[in-house]
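Everything below belongs to upload-v9.csv, which stores CSV, C-alpha atoms.
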```csv
chain,number,residue,atom,x,y,z
A,4,MET,CA,5.4,-2.2,29.1
A,5,ALA,CA,2.1,-1.9,27.2
A,6,LYS,CA,1.3,1.4,28.8
A,7,LYS,CA,4.8,2.7,27.8
A,8,LEU,CA,4.7,1.6,24.2
A,9,MET,CA,1.9,3.9,22.9
A,10,PRO,CA,3.4,7.1,24.2
A,11,LEU,CA,6.7,6.1,22.7
A,12,ALA,CA,5.0,5.3,19.4
A,13,LYS,CA,3.3,8.7,19.2
A,14,LYS,CA,6.6,10.5,20.2
A,15,LEU,CA,8.4,8.5,17.6
A,16,CYS,CA,5.9,9.6,14.9
A,17,ASP,CA,6.4,13.2,16.0
A,18,THR,CA,10.2,12.7,15.8
A,19,ILE,CA,9.9,11.3,12.2
A,20,MET,CA,7.6,14.2,11.2
A,21,ALA,CA,10.0,16.8,12.7
A,22,ASP,CA,13.0,15.2,11.0
A,23,PHE,CA,11.5,14.7,7.5
A,24,GLY,CA,9.1,17.7,7.1
A,25,GLU,CA,5.7,17.8,5.5
A,26,ILE,CA,6.0,14.5,3.6
A,27,LEU,CA,8.1,11.5,4.5
A,28,SER,CA,10.0,11.1,1.2
A,29,LYS,CA,10.1,12.5,-2.3
A,30,LYS,CA,11.2,9.1,-3.6
A,31,TRP,CA,8.7,6.3,-4.1
A,32,GLN,CA,10.4,3.9,-1.8
A,33,TYR,CA,9.3,0.7,0.0
A,34,ASP,CA,10.6,1.6,3.4
A,35,ALA,CA,8.7,4.8,3.5
A,36,GLY,CA,5.6,2.8,2.7
A,37,LEU,CA,6.2,0.5,5.7
A,38,CYS,CA,6.8,3.5,8.0
A,39,LEU,CA,3.5,5.0,6.9
A,40,LYS,CA,1.7,1.8,7.7
A,41,GLY,CA,3.0,2.3,11.2
A,42,PHE,CA,1.5,5.8,11.2
A,43,GLU,CA,-1.8,4.3,10.1
A,44,ALA,CA,-1.8,2.0,13.1
A,45,VAL,CA,-1.0,4.8,15.5
A,46,TYR,CA,-3.7,7.0,14.0
A,47,LYS,CA,-6.3,4.2,14.3
A,48,GLU,CA,-5.3,3.7,18.0
A,49,CYS,CA,-5.1,7.3,19.2
A,50,GLY,CA,-7.3,9.3,16.6
A,51,ASP,CA,-4.9,12.2,16.3
A,52,LYS,CA,-5.6,13.4,12.7
A,53,LYS,CA,-2.1,14.8,12.2
A,54,TYR,CA,-0.9,11.2,11.6
A,55,TYR,CA,-3.6,10.5,9.0
A,56,ASP,CA,-2.8,13.8,7.3
A,57,TYR,CA,0.8,12.9,7.2
A,58,ILE,CA,0.0,9.6,5.4
A,59,LYS,CA,-2.3,11.4,2.9
A,60,ASN,CA,0.1,14.2,2.2
A,61,SER,CA,2.9,11.8,1.7
A,62,MET,CA,0.9,9.8,-0.8
A,63,ASP,CA,-0.7,12.7,-2.5
A,64,TYR,CA,2.8,14.0,-3.4
A,65,PHE,CA,3.0,11.1,-5.8
A,66,VAL,CA,-0.5,10.2,-6.9
A,67,THR,CA,-2.0,12.5,-9.5
A,68,GLU,CA,-5.7,12.9,-10.2
A,69,ASP,CA,-5.6,10.5,-13.1
A,70,GLY,CA,-4.0,7.8,-11.0
A,71,ALA,CA,-0.4,8.1,-12.2
A,72,ILE,CA,2.4,7.9,-9.7
A,73,LYS,CA,5.2,10.3,-10.0
A,74,THR,CA,8.7,8.7,-10.2
A,75,TYR,CA,7.2,5.2,-10.6
A,76,ASP,CA,7.5,3.2,-13.8
A,77,PRO,CA,6.2,-0.4,-13.9
A,78,GLN,CA,8.6,-1.1,-16.8
A,79,VAL,CA,11.5,-0.9,-14.4
A,80,ARG,CA,10.1,-4.1,-13.0
A,81,ASN,CA,11.3,-3.6,-9.4
A,82,ILE,CA,9.1,-5.4,-6.9
A,83,ASP,CA,10.3,-3.1,-4.2
A,84,HIS,CA,8.2,-0.4,-5.8
A,85,ILE,CA,4.9,-2.2,-5.0
A,86,ASN,CA,5.1,-1.9,-1.3
A,87,ASN,CA,4.4,1.8,-1.0
A,88,GLY,CA,1.1,1.1,-2.7
A,89,LYS,CA,-0.3,-0.7,0.4
A,90,ASN,CA,-1.1,2.7,1.8
A,91,LEU,CA,-3.3,3.4,-1.3
A,92,PHE,CA,-5.8,0.8,-0.2
A,93,TYR,CA,-6.2,2.5,3.1
A,94,LEU,CA,-6.7,6.0,1.5
A,95,TYR,CA,-9.1,4.6,-1.0
A,96,HIS,CA,-11.2,3.1,1.8
A,97,GLU,CA,-11.1,6.4,3.7
A,98,THR,CA,-11.8,8.8,0.9
A,99,GLY,CA,-13.4,6.9,-2.0
A,100,GLU,CA,-11.2,8.9,-4.3
A,101,GLU,CA,-10.9,7.2,-7.7
A,102,LYS,CA,-7.3,8.3,-8.1
A,103,TYR,CA,-6.2,5.8,-5.4
A,104,LYS,CA,-8.0,3.0,-7.1
A,105,LYS,CA,-6.4,3.9,-10.5
A,106,ALA,CA,-3.0,4.0,-8.8
A,107,ILE,CA,-3.6,0.6,-7.3
A,108,GLU,CA,-4.5,-0.8,-10.7
A,109,LEU,CA,-1.3,0.7,-12.1
A,110,LEU,CA,0.8,-1.1,-9.5
A,111,ALA,CA,-1.1,-4.3,-10.0
A,112,SER,CA,-0.3,-4.2,-13.7
A,113,GLN,CA,3.4,-4.6,-12.9
A,114,PHE,CA,2.8,-8.2,-11.8
A,115,GLU,CA,1.7,-9.0,-15.4
A,116,ILE,CA,5.1,-8.0,-16.8
A,117,GLN,CA,7.4,-8.9,-13.9
A,118,PRO,CA,9.8,-11.5,-15.1
A,119,ARG,CA,9.7,-15.0,-13.5
A,120,THR,CA,12.3,-17.7,-12.9
A,121,PRO,CA,11.8,-21.2,-14.4
A,122,SER,CA,9.9,-22.2,-11.3
A,123,GLY,CA,7.5,-19.3,-11.8
A,124,THR,CA,8.9,-17.1,-9.0
A,125,PHE,CA,9.2,-13.4,-9.5
A,126,TRP,CA,12.6,-11.9,-10.2
A,127,HIS,CA,13.3,-9.4,-7.5
A,128,LYS,CA,14.2,-6.8,-10.0
A,129,GLN,CA,14.8,-6.6,-13.8
A,130,ILE,CA,18.5,-6.0,-13.1
A,131,TYR,CA,18.7,-9.2,-11.0
A,132,PRO,CA,17.9,-12.0,-13.5
A,133,ASN,CA,16.5,-15.2,-11.9
A,134,GLN,CA,17.1,-13.9,-8.4
A,135,VAL,CA,14.5,-14.6,-5.7
A,136,TRP,CA,14.9,-12.4,-2.6
A,137,LEU,CA,13.0,-12.9,0.6
A,138,ASP,CA,12.5,-9.1,0.7
A,139,GLY,CA,10.4,-9.3,-2.4
A,140,LEU,CA,7.8,-11.5,-0.8
A,141,PHE,CA,7.0,-8.7,1.6
A,142,MET,CA,7.0,-6.0,-1.1
A,143,GLY,CA,4.7,-7.8,-3.4
A,144,GLU,CA,2.6,-10.6,-2.0
A,145,PRO,CA,0.5,-8.9,0.7
A,146,PHE,CA,-0.3,-6.2,-1.9
A,147,SER,CA,-1.2,-8.9,-4.5
A,148,ALA,CA,-3.4,-10.8,-2.0
A,149,GLN,CA,-5.2,-7.6,-0.9
A,150,TYR,CA,-5.7,-6.6,-4.5
A,151,ALA,CA,-7.1,-10.1,-5.3
A,152,LYS,CA,-9.6,-9.9,-2.4
A,153,GLU,CA,-10.7,-6.3,-2.7
A,154,PHE,CA,-10.7,-6.0,-6.5
A,155,ASN,CA,-12.3,-9.4,-7.2
A,156,HIS,CA,-9.4,-11.3,-8.7
A,157,PRO,CA,-9.6,-14.6,-6.8
A,158,GLU,CA,-7.5,-16.3,-9.5
A,159,LYS,CA,-4.4,-14.6,-8.1
A,160,PHE,CA,-4.5,-16.3,-4.7
A,161,ASP,CA,-2.9,-19.5,-6.0
A,162,ASP,CA,0.0,-17.5,-7.3
A,163,VAL,CA,0.5,-15.7,-4.0
A,164,VAL,CA,0.8,-19.1,-2.2
A,165,MET,CA,3.1,-20.4,-4.9
A,166,GLN,CA,5.5,-17.5,-4.5
A,167,PHE,CA,6.0,-18.3,-0.8
A,168,VAL,CA,6.3,-22.0,-1.3
A,169,ASN,CA,8.9,-21.5,-4.0
A,170,ALA,CA,10.9,-18.9,-2.1
A,171,GLU,CA,10.9,-21.0,1.0
A,172,ARG,CA,12.2,-24.0,-0.8
A,173,LEU,CA,14.9,-22.1,-2.7
A,174,THR,CA,16.3,-20.2,0.4
A,175,TYR,CA,16.0,-22.8,3.2
A,176,GLU,CA,19.3,-23.4,5.0
A,177,PRO,CA,19.3,-26.9,6.6
A,178,ARG,CA,22.4,-26.0,8.7
A,179,CYS,CA,20.3,-23.7,10.9
A,180,GLY,CA,16.7,-24.0,10.0
A,181,LEU,CA,16.6,-20.4,8.7
A,182,TYR,CA,16.7,-18.8,5.3
A,183,ALA,CA,19.4,-17.4,3.1
A,184,HIS,CA,18.9,-13.8,2.0
A,185,ALA,CA,18.3,-14.8,-1.7
A,186,CYS,CA,18.7,-17.5,-4.3
A,187,ASP,CA,19.8,-17.3,-7.9
A,188,GLU,CA,17.8,-20.0,-9.6
A,189,SER,CA,20.2,-20.0,-12.5
A,190,LYS,CA,23.2,-20.4,-10.1
A,191,GLU,CA,25.2,-18.0,-12.2
A,192,ILE,CA,25.7,-14.8,-10.2
A,193,PHE,CA,29.0,-14.5,-8.3
A,194,TRP,CA,27.5,-14.6,-4.8
A,195,ALA,CA,25.5,-17.8,-5.3
A,196,ASP,CA,26.5,-21.2,-4.1
A,197,LYS,CA,27.1,-23.2,-7.3
A,198,ASN,CA,25.2,-26.2,-6.0
A,199,THR,CA,22.2,-24.6,-4.4
A,200,GLY,CA,22.1,-21.1,-5.8
A,201,ARG,CA,21.7,-19.7,-2.3
A,202,SER,CA,23.5,-16.7,-0.9
A,203,LEU,CA,26.0,-17.4,1.8
A,204,ASN,CA,24.4,-16.1,5.0
A,205,VAL,CA,21.2,-15.6,7.0
A,206,TRP,CA,20.6,-11.9,7.1
A,207,GLY,CA,18.3,-11.0,10.0
A,208,ARG,CA,16.1,-8.5,8.2
A,209,SER,CA,15.5,-10.8,5.2
A,210,VAL,CA,14.1,-13.4,7.5
A,211,GLY,CA,12.0,-10.6,9.1
A,212,TRP,CA,10.6,-9.7,5.7
A,213,PHE,CA,9.7,-13.3,5.2
A,214,CYS,CA,7.9,-13.7,8.5
A,215,MET,CA,5.9,-10.4,8.1
A,216,ALA,CA,5.0,-11.2,4.5
A,217,LEU,CA,3.4,-14.6,5.5
A,218,LEU,CA,1.3,-13.0,8.2
A,219,ASP,CA,0.3,-9.9,6.1
A,220,ALA,CA,-0.7,-12.1,3.1
A,221,LEU,CA,-2.9,-14.2,5.4
A,222,ASP,CA,-4.9,-11.1,6.2
A,223,PHE,CA,-6.4,-11.4,2.7
A,224,LEU,CA,-6.3,-15.1,1.8
A,225,PRO,CA,-9.8,-16.5,2.0
A,226,GLU,CA,-10.5,-18.9,4.9
A,227,ALA,CA,-11.6,-21.6,2.4
A,228,HIS,CA,-8.4,-21.4,0.3
A,229,SER,CA,-6.3,-24.5,0.6
A,230,GLY,CA,-3.1,-22.4,0.8
A,231,ARG,CA,-4.0,-20.8,4.1
A,232,GLN,CA,-2.7,-23.7,6.1
A,233,THR,CA,0.4,-23.9,3.9
A,234,LEU,CA,1.3,-20.3,4.8
A,235,ILE,CA,0.5,-20.9,8.5
A,236,ASP,CA,2.7,-24.0,8.5
A,237,LEU,CA,5.6,-22.1,6.8
A,238,PHE,CA,5.3,-19.4,9.4
A,239,ASN,CA,5.4,-22.0,12.3
A,240,LYS,CA,8.5,-23.6,10.8
A,241,ALA,CA,10.2,-20.2,10.4
A,242,ILE,CA,9.4,-18.7,13.8
A,243,GLY,CA,10.2,-21.9,15.6
A,244,ASN,CA,13.7,-21.6,14.5
A,245,VAL,CA,13.9,-17.8,14.7
A,246,VAL,CA,13.3,-17.8,18.4
A,247,LYS,CA,16.3,-20.1,18.9
A,248,TYR,CA,18.5,-17.3,17.9
A,249,GLN,CA,17.1,-14.6,20.3
A,250,ASP,CA,19.9,-13.5,22.6
A,251,GLU,CA,20.0,-13.0,26.4
A,252,ASP,CA,18.8,-9.4,26.0
A,253,GLY,CA,15.8,-10.5,24.0
A,254,VAL,CA,17.0,-9.2,20.6
A,255,TRP,CA,18.5,-10.6,17.4
A,256,TYR,CA,21.7,-10.0,15.4
A,257,GLN,CA,22.5,-8.6,12.0
A,258,VAL,CA,23.4,-12.1,10.8
A,259,LEU,CA,21.2,-14.4,12.9
A,260,ASP,CA,23.3,-17.6,13.3
A,261,ASN,CA,26.7,-16.0,13.8
A,262,ARG,CA,28.4,-14.5,16.8
A,263,ARG,CA,31.6,-13.1,15.3
A,264,SER,CA,32.9,-10.2,17.3
A,265,ASP,CA,31.8,-7.6,14.7
A,266,ASN,CA,28.3,-8.9,14.4
A,267,TYR,CA,25.8,-6.7,16.3
A,268,GLN,CA,22.4,-6.5,17.9
A,269,GLU,CA,20.2,-5.1,15.1
A,270,SER,CA,17.0,-3.2,15.6
A,271,THR,CA,15.0,-3.6,12.4
A,272,CYS,CA,15.0,-7.4,12.4
A,273,THR,CA,14.2,-7.4,16.1
A,274,CYS,CA,11.2,-5.1,15.6
A,275,MET,CA,10.1,-7.4,12.7
A,276,PHE,CA,10.3,-10.5,14.8
A,277,ALA,CA,8.5,-8.9,17.7
A,278,TYR,CA,5.8,-7.7,15.2
A,279,SER,CA,5.5,-11.2,13.8
A,280,LEU,CA,5.3,-12.9,17.2
A,281,GLU,CA,2.6,-10.5,18.4
A,282,LYS,CA,0.5,-10.8,15.3
A,283,ALA,CA,0.8,-14.5,15.0
A,284,ILE,CA,-0.2,-15.0,18.7
A,285,ARG,CA,-3.2,-12.6,18.3
A,286,MET,CA,-4.4,-14.3,15.1
A,287,GLY,CA,-4.0,-17.8,16.6
A,288,TYR,CA,-1.5,-19.0,14.1
A,289,ILE,CA,1.0,-20.1,16.8
A,290,ASP,CA,0.8,-21.3,20.3
A,291,GLY,CA,0.5,-18.2,22.6
A,292,GLY,CA,1.5,-20.1,25.7
A,293,LYS,CA,4.8,-21.2,24.0
A,294,TYR,CA,5.7,-18.0,22.2
A,295,ARG,CA,4.4,-15.2,24.5
A,296,PRO,CA,7.6,-15.3,26.6
A,297,TYR,CA,9.7,-14.7,23.5
A,298,LEU,CA,7.5,-11.8,22.6
A,299,ASP,CA,7.6,-10.2,26.0
A,300,LYS,CA,11.4,-10.7,26.1
A,301,ALA,CA,11.7,-9.1,22.7
A,302,VAL,CA,9.6,-6.0,23.7
A,303,GLU,CA,11.8,-5.6,26.8
A,304,GLY,CA,14.9,-6.0,24.7
A,305,ILE,CA,13.7,-3.3,22.2
A,306,LEU,CA,13.1,-0.9,25.0
A,307,ASN,CA,16.4,-1.6,26.9
A,308,VAL,CA,18.8,-2.1,24.0
A,309,PHE,CA,17.5,0.1,21.1
A,310,VAL,CA,15.1,2.8,22.3
A,311,LYS,CA,16.6,6.1,23.4
A,312,GLU,CA,14.2,8.8,24.6
A,313,THR,CA,14.9,12.4,25.5
A,314,ASP,CA,12.5,15.2,26.3
A,315,GLU,CA,12.3,16.1,22.7
A,316,ARG,CA,12.4,12.9,20.7
A,317,VAL,CA,12.5,9.1,20.5
A,318,ASP,CA,15.1,7.2,18.5
A,319,ILE,CA,15.4,3.5,17.7
A,320,THR,CA,19.1,2.9,17.4
A,321,MET,CA,21.3,0.3,15.7
A,322,GLY,CA,19.4,-0.2,12.4
A,323,CYS,CA,21.2,-1.6,9.4
A,324,ALA,CA,20.7,1.1,6.8
A,325,VAL,CA,20.8,-1.2,3.8
A,326,ALA,CA,22.0,-4.6,2.7
A,327,GLY,CA,21.7,-6.3,-0.7
A,328,LEU,CA,23.3,-8.7,-3.0
A,329,GLY,CA,25.2,-7.5,-6.0
A,330,ALA,CA,24.4,-7.4,-9.6
A,331,ALA,CA,27.4,-8.5,-11.7
A,332,ASP,CA,28.8,-5.0,-11.6
A,333,ASN,CA,28.6,-4.6,-7.8
A,334,PRO,CA,31.1,-7.2,-6.4
A,335,ARG,CA,31.1,-5.6,-3.0
A,336,ARG,CA,27.7,-7.0,-2.3
A,337,ASP,CA,28.9,-10.6,-2.1
A,338,GLY,CA,26.8,-11.9,0.8
A,339,THR,CA,29.8,-12.5,3.1
A,340,LEU,CA,29.9,-11.8,6.8
A,341,ASP,CA,32.4,-9.0,6.1
A,342,TYR,CA,29.9,-7.4,3.7
A,343,TYR,CA,26.9,-7.6,6.1
A,344,PHE,CA,29.0,-6.2,9.0
A,345,SER,CA,30.3,-3.3,6.9
A,346,GLU,CA,27.0,-1.6,5.9
A,347,PRO,CA,26.2,1.6,7.7
A,348,ILE,CA,24.1,1.7,10.9
A,349,ARG,CA,21.6,4.5,11.6
A,350,ASN,CA,18.8,5.6,13.9
A,351,ASN,CA,15.1,5.4,13.1
A,352,ASP,CA,15.5,3.3,10.0
A,353,PHE,CA,12.0,3.1,8.5
A,354,LYS,CA,12.3,-0.6,8.2
A,355,GLY,CA,12.3,-0.8,12.0
A,356,VAL,CA,10.1,2.1,12.8
A,357,GLY,CA,7.1,0.7,10.9
A,358,PRO,CA,7.0,-2.6,12.6
A,359,PHE,CA,7.7,-1.0,16.0
A,360,LEU,CA,4.7,1.4,15.6
A,361,ILE,CA,2.3,-1.4,14.6
A,362,LEU,CA,3.6,-3.5,17.5
A,363,ALA,CA,3.1,-0.7,19.9
A,364,THR,CA,-0.6,-0.3,19.0
A,365,GLN,CA,-1.3,-4.0,19.5
A,366,TYR,CA,0.9,-5.2,22.3
A,367,GLU,CA,-0.9,-5.9,25.6
```
Would you encode the structure as structure tokens?
Amino acid sequence: MAKKLMPLAKKLCDTIMADFGEILSKKWQYDAGLCLKGFEAVYKECGDKKYYDYIKNSMDYFVTEDGAIKTYDPQVRNIDHINNGKNLFYLYHETGEEKYKKAIELLASQFEIQPRTPSGTFWHKQIYPNQVWLDGLFMGEPFSAQYAKEFNHPEKFDDVVMQFVNAERLTYEPRCGLYAHACDESKEIFWADKNTGRSLNVWGRSVGWFCMALLDALDFLPEAHSGRQTLIDLFNKAIGNVVKYQDEDGVWYQVLDNRRSDNYQESTCTCMFAYSLEKAIRMGYIDGGKYRPYLDKAVEGILNVFVKETDERVDITMGCAVAGLGAADNPRRDGTLDYYFSEPIRNNDFKGVGPFLILATQYE
């Protein structure tokens, strides 16, 4: 399977480039950032400069010579908008161009004005008062940890760890050992349980965000920091329960702990869990002897269930296009099973493509 994954990854990159043109997106969006991190992994593995050029062109569309980012405004206070900036660290390392450093500083400045809940946890967005989403951990905390390490702000590491500890405590679901999509710390929004503040269900991709966020933040947390073991322990707790919900085909479902007839095998969370298993085994955070069979089964499941290849292209099918929880004026996003099973499904969703590409370059 390892020999098959890299050719598929390159062909998938070529498919994405053919579908989207010279740059990946004209919107500063988090999922494009994740997809481009996949392109970075493929470029580092195969050395084909067209993949590097695609990353740079896609970022240079936004980043001006003075470090401004077109279409981005920190005052919007949307933590999703941080994630795309992870690509700027790579370009700054590769080129030394000051515009990337300035753009990184601009994104980092958002953390200083991002609202926090009473526990000190970041609001996911300005429009979601007191709401903590697992998605937001991936969007913000690995960036913050990398910024702290590479731009000499060690005082920020404690806050990175606190964000994970708080979010885990707020979203943990004892009934299944997994995590609710989000929690309203004020317990006021319509979708929140009035006793716990948690949303109703365990959305697969939100748990995938959580797992990947822990691992990616650990890339930058110093070995001597007391919070390293905390994050490793949180990951072990999470993945130990995630694997219990892997199905007979090796994949995971849109809502992890449910088997209602309209639930479905979902590719983005499956790619995220496979990415997480591979990386955690490789880094020594989990027991490889115990977890390698789950990883191998997941890779086989991705290839058998989701990947469709023709002479011209590769598609990863069955990706949930989007799912969220409503602001007060969006009652449709109520966190019910009916809601999660009603959102559109598409091929080559960036939120699955990125983890798959990185997995393909590392899996042996």
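The shortest atom-to-atom distance to Arg119 (chain A), with all atoms listed in the file taken into account, belongs to A:Gln166 out of A:Ser147, A:Thr339, A:Gln166, A:Asn155.
Each of A:Leu328, A:Met215, A:Ile348, A:Val302 was checked against Ala363 (chain A) using all atoms listed in the file; the smallest atom-to-atom distance is that of A:Val302.
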Legend entry - Residue nearest Val135 (chain A) among A:Leu173, A:Ile192, A:Val66, A:Ile116 (counting all atoms listed in the file):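 Looking only at the distances to Val135 (chain A), the closest residue turns out to be A:Leu173.
Candidate residues A:Met165, A:Leu221, A:Ala183, A:Ala148 were compared for distance to Ser122 (chain A), and the nearest is A:Met165, using all atoms listed in the file.
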Take every atom of region 225-241 of chain A listed in the file, fit an axis-aligned box around them, add 5 Å per side, and give the centre and edge lengths in Å to one decimal as lines of an AutoDock Vina configuration file.
```
center_x = -0.7
center_y = -20.5
center_z = 6.3
size_x = 31.8
size_y = 18.0
size_z = 22.0
```
Inset, instruction - Select, from A:Lys73, A:Arg201, A:Lys40, A:Lys104, the residue with the minimum atom-to-atom distance to Asn87 (chain A), counting only C-alpha atoms. - result: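 Using only C-alpha atoms, Asn87 (chain A) sits closest to A:Lys40.
You will find CA of Phe309 (chain A) at 23.0 Å from CA of Asn244 (chain A).
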Inset, instruction - To one decimal in Å, tell me the separation between CA of Tyr278 (chain A) and CA of Gly211 (chain A). - result: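 For CA of Tyr278 (chain A) relative to CA of Gly211 (chain A), the distance reads 9.2 Å.
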Legend entry - Best match for closeness to Glu43 (chain A) among A:Asn333, A:Ser28, A:Asn350, A:Asn90, counting only C-alpha atoms: A:Asn90
Legend entry - Test item: residues at most 12 Å from Val310 (chain A), only C-alpha atoms, excluding those fewer than 4 positions along its chain, as a ChimeraX atom specification: /A:7-8,11-12,14-15,269-271,273-274,302-306,316-322,350-351,355-356,359
Legend entry - Point-to-point distance in Å for CA of Tyr297 (chain A) and CA of Gly338 (chain A):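 Atom-to-atom, CA of Gly338 (chain A) to CA of Tyr297 (chain A), that is 28.6 Å.
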Legend entry - Nearby residues (only C-alpha atoms) at most 12 Å from region 290-293 of chain A, same-chain spacing under 2 positions excluded, as number ranges by chain: A: 235, 238-239, 242-243, 246, 280-288, 295-299
Exercise: Ile107 (chain A) partners within 9 Å, all atoms listed in the file, chain neighbours under 4 positions left out, as a PDB file with C-alpha atoms, in the coordinates of the input:
```
ATOM      1  CA  GLY A  70      -4.000   7.800 -11.000  1.00  0.00           C
ATOM      2  CA  GLY A  88       1.100   1.100  -2.700  1.00  0.00           C
ATOM      3  CA  LYS A  89      -0.300  -0.700   0.400  1.00  0.00           C
ATOM      4  CA  LEU A  91      -3.300   3.400  -1.300  1.00  0.00           C
ATOM      5  CA  PHE A  92      -5.800   0.800  -0.200  1.00  0.00           C
ATOM      6  CA  LYS A 102      -7.300   8.300  -8.100  1.00  0.00           C
ATOM      7  CA  TYR A 103      -6.200   5.800  -5.400  1.00  0.00           C
ATOM      8  CA  ALA A 111      -1.100  -4.300 -10.000  1.00  0.00           C
ATOM      9  CA  SER A 112      -0.300  -4.200 -13.700  1.00  0.00           C
ATOM     10  CA  TYR A 150      -5.700  -6.600  -4.500  1.00  0.00           C
TER      11      TYR A 150
END
```
Inset, instruction - Please determine the residues with any atom at most 7 Å from (-5.6, -7.4, 2.9) (coordinates as given in the file, with all atoms listed in the file counting) and report them as a list in words. - result: Pro145, Ala148, Gln149, Ala220, Asp222 and Phe223 of chain A
Inset, instruction - Would you mind listing what lies within 12 Å of Arg335 (chain A) as a ChimeraX atom specification, with only C-alpha atoms counted and same-chain residues fewer than 6 positions away left out? - result: /A:193-194,326-329,341-343,345-346
Restricting the output to C-alpha atoms, write the selected residues as an mmCIF file, in the frame of the given file.
```cif
data_model
loop_
_atom_site.group_PDB
_atom_site.id
_atom_site.type_symbol
_atom_site.label_atom_id
_atom_site.label_comp_id
_atom_site.auth_asym_id
_atom_site.auth_seq_id
_atom_site.Cartn_x
_atom_site.Cartn_y
_atom_site.Cartn_z
ATOM 1 C CA PHE A 193 29.000 -14.500 -8.300
ATOM 2 C CA TRP A 194 27.500 -14.600 -4.800
ATOM 3 C CA ALA A 326 22.000 -4.600 2.700
ATOM 4 C CA GLY A 327 21.700 -6.300 -0.700
ATOM 5 C CA LEU A 328 23.300 -8.700 -3.000
ATOM 6 C CA GLY A 329 25.200 -7.500 -6.000
ATOM 7 C CA ASP A 341 32.400 -9.000 6.100
ATOM 8 C CA TYR A 342 29.900 -7.400 3.700
ATOM 9 C CA TYR A 343 26.900 -7.600 6.100
ATOM 10 C CA SER A 345 30.300 -3.300 6.900
ATOM 11 C CA GLU A 346 27.000 -1.600 5.900
#
```
Shell of 12 Å around Lys30 (chain A), only C-alpha atoms, local chain residues under 2 positions omitted, as a PDB file with C-alpha atoms, keeping the file's coordinate frame:
```
ATOM      1  CA  ILE A  26       6.000  14.500   3.600  1.00  0.00           C
ATOM      2  CA  LEU A  27       8.100  11.500   4.500  1.00  0.00           C
ATOM      3  CA  SER A  28      10.000  11.100   1.200  1.00  0.00           C
ATOM      4  CA  GLN A  32      10.400   3.900  -1.800  1.00  0.00           C
ATOM      5  CA  TYR A  33       9.300   0.700   0.000  1.00  0.00           C
ATOM      6  CA  ASP A  34      10.600   1.600   3.400  1.00  0.00           C
ATOM      7  CA  ALA A  35       8.700   4.800   3.500  1.00  0.00           C
ATOM      8  CA  GLY A  36       5.600   2.800   2.700  1.00  0.00           C
ATOM      9  CA  SER A  61       2.900  11.800   1.700  1.00  0.00           C
ATOM     10  CA  MET A  62       0.900   9.800  -0.800  1.00  0.00           C
ATOM     11  CA  TYR A  64       2.800  14.000  -3.400  1.00  0.00           C
ATOM     12  CA  PHE A  65       3.000  11.100  -5.800  1.00  0.00           C
ATOM     13  CA  ILE A  72       2.400   7.900  -9.700  1.00  0.00           C
ATOM     14  CA  LYS A  73       5.200  10.300 -10.000  1.00  0.00           C
ATOM     15  CA  THR A  74       8.700   8.700 -10.200  1.00  0.00           C
ATOM     16  CA  TYR A  75       7.200   5.200 -10.600  1.00  0.00           C
ATOM     17  CA  HIS A  84       8.200  -0.400  -5.800  1.00  0.00           C
ATOM     18  CA  ASN A  87       4.400   1.800  -1.000  1.00  0.00           C
TER      19      ASN A  87
END
```
Could you model N, CA, C and O atoms for region 141-147 of chain A and present them as an mmCIF file, keeping the file's coordinate frame?
```
data_model
loop_
_atom_site.group_PDB
_atom_site.id
_atom_site.type_symbol
_atom_site.label_atom_id
_atom_site.label_comp_id
_atom_site.auth_asym_id
_atom_site.auth_seq_id
_atom_site.Cartn_x
_atom_site.Cartn_y
_atom_site.Cartn_z
ATOM 1 N N PHE A 141 7.671 -9.708 0.882
ATOM 2 C CA PHE A 141 7.000 -8.700 1.600
ATOM 3 C C PHE A 141 6.519 -7.537 0.732
ATOM 4 O O PHE A 141 5.431 -6.987 0.893
ATOM 5 N N MET A 142 7.359 -7.166 -0.219
ATOM 6 C CA MET A 142 7.000 -6.000 -1.100
ATOM 7 C C MET A 142 5.823 -6.315 -1.955
ATOM 8 O O MET A 142 4.996 -5.433 -2.173
ATOM 9 N N GLY A 143 5.709 -7.557 -2.441
ATOM 10 C CA GLY A 143 4.700 -7.800 -3.400
ATOM 11 C C GLY A 143 3.491 -8.623 -3.020
ATOM 12 O O GLY A 143 2.357 -8.315 -3.417
ATOM 13 N N GLU A 144 3.692 -9.667 -2.206
ATOM 14 C CA GLU A 144 2.600 -10.600 -2.000
ATOM 15 C C GLU A 144 1.454 -10.170 -1.164
ATOM 16 O O GLU A 144 0.289 -10.448 -1.491
ATOM 17 N N PRO A 145 1.671 -9.470 -0.041
ATOM 18 C CA PRO A 145 0.500 -8.900 0.700
ATOM 19 C C PRO A 145 -0.318 -7.966 -0.176
ATOM 20 O O PRO A 145 -1.556 -7.967 -0.116
ATOM 21 N N PHE A 146 0.368 -7.133 -0.963
ATOM 22 C CA PHE A 146 -0.300 -6.200 -1.900
ATOM 23 C C PHE A 146 -1.161 -7.052 -2.871
ATOM 24 O O PHE A 146 -2.338 -6.771 -3.113
ATOM 25 N N SER A 147 -0.528 -8.070 -3.463
ATOM 26 C CA SER A 147 -1.200 -8.900 -4.500
ATOM 27 C C SER A 147 -2.432 -9.587 -3.846
ATOM 28 O O SER A 147 -3.505 -9.675 -4.471
#
```
